[in-house]
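The structure appears right after this line, and notes come after that.
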Amino acid sequence: MRYSIFTDTDWLYPDSAHSGTKNIRLTIPCGGHAGMQILGEVPEAPLHVTVVWHQNPGNSLTVSLFRLLPVGINENTDSSLMTTTDFERCKSFVTRKAPFEVYDALSPIDEEPFADRLALYLCIDADADASPGTYSGEVCIGEGCQETKIPLTCRVSPVTVPPLSSSALGMLNFFDYDGLANQHHVPKNSEAYWTLFTHYVKAQIKMRCTHILLPPGEAVYKNGKLVDFDFSLAQRAGQIARKEGARYLCGGHIAHWHEWDEQEYYPNWNPSLGVTTTEGYLQLRLYLTKWNEIVEKNCWQKCMTQALADEPQTHNDATYRILACIFRKFMPGIPIIDAVETTNLGGGIDIWVPKQDTYEKWRGEYQKLQDAGETMWFYTCAFPAGPIMNRSMDLPLTASRAVLWMGALYRLSGFLHWGFNYYIGDDIWHSACCPHKGALLPAGDAHIVYPGKSGPLRSMRFEAQRGGAEDYELLMQAYETAPEKADELIREVCTDFRNYTREGAVLMEVRNCLMELLENFGKQSI
């Protein structure tokens with residue numbers, strides 16, 4: 001069988017040419033993972049894929065094999081906003097002209113025949129206590145009576161990625177609770193729904209998410225009058241998330257502005273009621289009192305954070321502070337976290353999350369806040385589009401991983417993205433640019449997983465973000481011993497959010513240099 005090997009930081013397409021690489025060579029930190037993509041031709045018979053080791057790694061190495069599924073990109077990322085069909089506007093930074101297909105979704109290998117080219121993803125996870133050393137073996141692909149053996153070499157480095165319970169990087173990806181029911185065709189709040197939700201939580205934790213977003217409370221009316229709030233969904237979601245190992249929970253958003261340049265905020269359950277009015281305060285009082293009872297009942301005080309209102313702007317930052325004061329009166333000690341578009345929120349927020357271009361635009365002000373001890377994360381979304389690092393599927397796959405290297409360079413301690421599973425539109429498999437307010441979001445911006453038969457299917461962008469989170473942990477270790485060298489390594493991959501390598505091989509070579517740096521310091525300390 002004709003085949004080729006590719007890194008897990010470069011996109012593969014149904015029409016990709018073969019590379020000259022025939023061997024799989026991986027370097028894995030303890031507690032981390034590494035992967036490679038395998039591309040072949042259309043199989044003529046049912047496939048059987050196994051991995052055979054020459055040395056027994058015990059249970060310390062977990063091998064996973066996935067089938068790569070193509071996803072259709074219907075429009076390109078625009079140079080300034082959302083998407084475009086004018087290739088001239090984006091040809092300098094996108095990978096291909098839309099429409100095209102790219103291998104992004106990962107599906108378990110089953111008996112279903114391959115209708116197109118053989119495309120596989122091999123992933124190996126190393127336990128935290130894995131024995132360092134080099135393990136060799138073969139990936140055996142049986143095609144009818146024929147068998148192809150792909151040489152496999154796996155070096156386990158003594159460098160260790162810490163467990164999520166002690167990670168340096170915080171991470172939050174927003175979760176669509178309504179979308180879960182719609183895409184999997186199950187009733188919301190049914191046992192089937194919560195079984196699926198459990199799988200989604202496991203996927204978020206696999207991607208090294210430290211925070212799980214909970215749904216907000218639902219308003220209860222009697223004779224047209226607000227009388228209570230129901231937090232049963234939030235309580236069930238939080239209980240499942242904690243049981244599955246979530247480090248932190250995040251209460252769902254409470255309010256929002258109507259237009260970005262207006263001053264007032266409005267509670268989500270009543271878009272005509274300002275939070276600065278007496279009635280607005282009384283309804284917030286009821287909401288927060290009930291929510292605090294749930295938090296205390298479940299002993300979540302030390303693991304709870306709260307999102308108040310997404311993306312406060314310079315026009316409404318004073319009102320946001322009023323909202324924060326009301327929250328702190330009824331839920332003291334719970335950190336407030338939000339995506340922000342202003343620097344004027346001091347005292348009203350605990351975990352700042354400016355967008356990547358917002359941070360660079362006002363880096364001096366944000367740096368002052370960091371230097372004073374404020375917690376500073378960052379986030380990405382559909383704006384401002386163009387070549388800036390994001391999870392768009394027509395940008396180089398390196399952007400989905402290198403974005404966390406930039407977080408390390410700026411000493412930002414967390415990452416947020418709004419779209420974990422927002423499956424918007426009729427067919428995300430062929431139209432990855434999801435509709436939004438009369439326009440289309442850049443491909444994949446709304447989701448980093450896909451709806452499978454029994455839960456979420458991971459993606460190559462999911463794996464890239466997971467890898468970037470592991471890289472971040474190693475970079476933080478390097479900063480402790482060789483900060484200047486760590487910065488030099490990062491700048492070989494990226495220098496700001498718009499300038500980064502498009503070559504997966506370059507990123508992986510620097511990653512290996514990072515591990516060698518840490519290994520050498522480890523030897524010196526013995």
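Numbering starts fresh at 1 for the residues of each chain in the structure tokens, the chains themselves are lettered A, B, ... in the order given, and ligands are numbered from 1 as they appear.
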What lies within 7 Å of A:Gly238 using only C-alpha atoms, ignoring chain neighbours under 4 positions off, as a list of chain:residue names?
A:Leu214, A:Ala234, A:Arg242, A:Leu249
Within 6 Å of stretch 13-37 of chain A, which residues of stretch 50-139 of chain A come that close, and what is the closest atom pair and distance in Å for each? Count only C-alpha atoms and give it as JSON lines.
```
{"residue": "A:Val102", "atom": "CA", "partner": "A:Tyr13", "partner_atom": "CA", "distance": 4.7}
{"residue": "A:Tyr103", "atom": "CA", "partner": "A:Tyr13", "partner_atom": "CA", "distance": 5.7}
{"residue": "A:Leu120", "atom": "CA", "partner": "A:Gln37", "partner_atom": "CA", "distance": 5.7}
{"residue": "A:Tyr121", "atom": "CA", "partner": "A:Gln37", "partner_atom": "CA", "distance": 4.5}
{"residue": "A:Leu122", "atom": "CA", "partner": "A:Gly35", "partner_atom": "CA", "distance": 5.4}
{"residue": "A:Cys123", "atom": "CA", "partner": "A:Gly35", "partner_atom": "CA", "distance": 4.2}
{"residue": "A:Ile124", "atom": "CA", "partner": "A:His33", "partner_atom": "CA", "distance": 5.5}
{"residue": "A:Asp125", "atom": "CA", "partner": "A:His33", "partner_atom": "CA", "distance": 4.3}
{"residue": "A:Ala126", "atom": "CA", "partner": "A:Cys30", "partner_atom": "CA", "distance": 5.3}
{"residue": "A:Asp127", "atom": "CA", "partner": "A:Gly31", "partner_atom": "CA", "distance": 4.8}
{"residue": "A:Ala128", "atom": "CA", "partner": "A:Gly31", "partner_atom": "CA", "distance": 4.0}
```
How many Å lie between atom CA of A:Ala402 and atom CA of A:His211, rounded to one decimal?
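Between atom CA of A:Ala402 and atom CA of A:His211 the gap works out to 21.1 Å.
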For stretch 441-450 of chain A, please output as an mmCIF file with N, CA and C atoms, in the first residue's frame all residues within 6 Å (counting only C-alpha atoms; exclusion window: fewer than 4 positions along the same chain).
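So the final result, stored in out_24.cif, reads:
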```cif
data_model
loop_
_atom_site.group_PDB
_atom_site.id
_atom_site.type_symbol
_atom_site.label_atom_id
_atom_site.label_comp_id
_atom_site.auth_asym_id
_atom_site.auth_seq_id
_atom_site.Cartn_x
_atom_site.Cartn_y
_atom_site.Cartn_z
ATOM 1 N N THR A 77 -11.919 32.919 5.193
ATOM 2 C CA THR A 77 -11.826 33.978 6.193
ATOM 3 C C THR A 77 -11.490 35.298 5.493
ATOM 4 N N MET A 82 -15.235 38.551 9.342
ATOM 5 C CA MET A 82 -16.039 37.378 8.984
ATOM 6 C C MET A 82 -15.466 36.648 7.765
ATOM 7 N N THR A 83 -16.275 36.425 6.697
ATOM 8 C CA THR A 83 -15.828 35.598 5.569
ATOM 9 C C THR A 83 -16.002 36.344 4.249
ATOM 10 N N SER A 392 -9.625 29.053 12.801
ATOM 11 C CA SER A 392 -10.272 28.951 11.494
ATOM 12 C C SER A 392 -9.622 27.858 10.658
ATOM 13 N N MET A 393 -10.435 27.108 9.950
ATOM 14 C CA MET A 393 -9.956 25.924 9.238
ATOM 15 C C MET A 393 -9.301 26.225 7.900
ATOM 16 N N GLY A 419 -16.482 29.034 21.275
ATOM 17 C CA GLY A 419 -17.146 28.008 20.476
ATOM 18 C C GLY A 419 -16.628 26.600 20.663
ATOM 19 N N PHE A 420 -17.066 25.911 21.718
ATOM 20 C CA PHE A 420 -16.695 24.496 21.832
ATOM 21 C C PHE A 420 -17.610 23.630 20.974
ATOM 22 N N ASN A 421 -18.922 23.825 21.071
ATOM 23 C CA ASN A 421 -19.861 22.946 20.357
ATOM 24 C C ASN A 421 -21.073 23.699 19.847
ATOM 25 N N TYR A 422 -20.892 24.925 19.365
ATOM 26 C CA TYR A 422 -22.028 25.675 18.829
ATOM 27 C C TYR A 422 -22.270 25.240 17.384
ATOM 28 N N ALA A 432 -18.817 24.565 7.049
ATOM 29 C CA ALA A 432 -18.204 24.840 8.346
ATOM 30 C C ALA A 432 -18.290 26.304 8.733
ATOM 31 N N CYS A 433 -18.597 27.201 7.780
ATOM 32 C CA CYS A 433 -18.808 28.616 8.082
ATOM 33 C C CYS A 433 -20.248 28.788 8.539
ATOM 34 N N CYS A 434 -20.464 28.851 9.829
ATOM 35 C CA CYS A 434 -21.815 28.843 10.385
ATOM 36 C C CYS A 434 -22.466 30.228 10.293
ATOM 37 N N PRO A 456 -19.103 13.699 21.437
ATOM 38 C CA PRO A 456 -18.349 14.571 20.540
ATOM 39 C C PRO A 456 -17.207 13.840 19.841
ATOM 40 N N LEU A 457 -16.982 14.210 18.589
ATOM 41 C CA LEU A 457 -15.792 13.768 17.868
ATOM 42 C C LEU A 457 -14.755 14.891 17.956
ATOM 43 N N ARG A 458 -13.556 14.542 18.370
ATOM 44 C CA ARG A 458 -12.491 15.534 18.414
ATOM 45 C C ARG A 458 -12.105 15.949 16.995
ATOM 46 N N SER A 459 -11.269 16.954 16.899
ATOM 47 C CA SER A 459 -10.808 17.456 15.607
ATOM 48 C C SER A 459 -9.310 17.642 15.643
ATOM 49 N N PHE A 462 -8.708 20.563 17.733
ATOM 50 C CA PHE A 462 -8.779 20.145 19.140
ATOM 51 C C PHE A 462 -7.422 19.615 19.586
#
```
Separation of atom CA of A:Ser136 from atom CA of A:Asn56 in Å:
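Distance reported for this atom pair: 9.3 Å.
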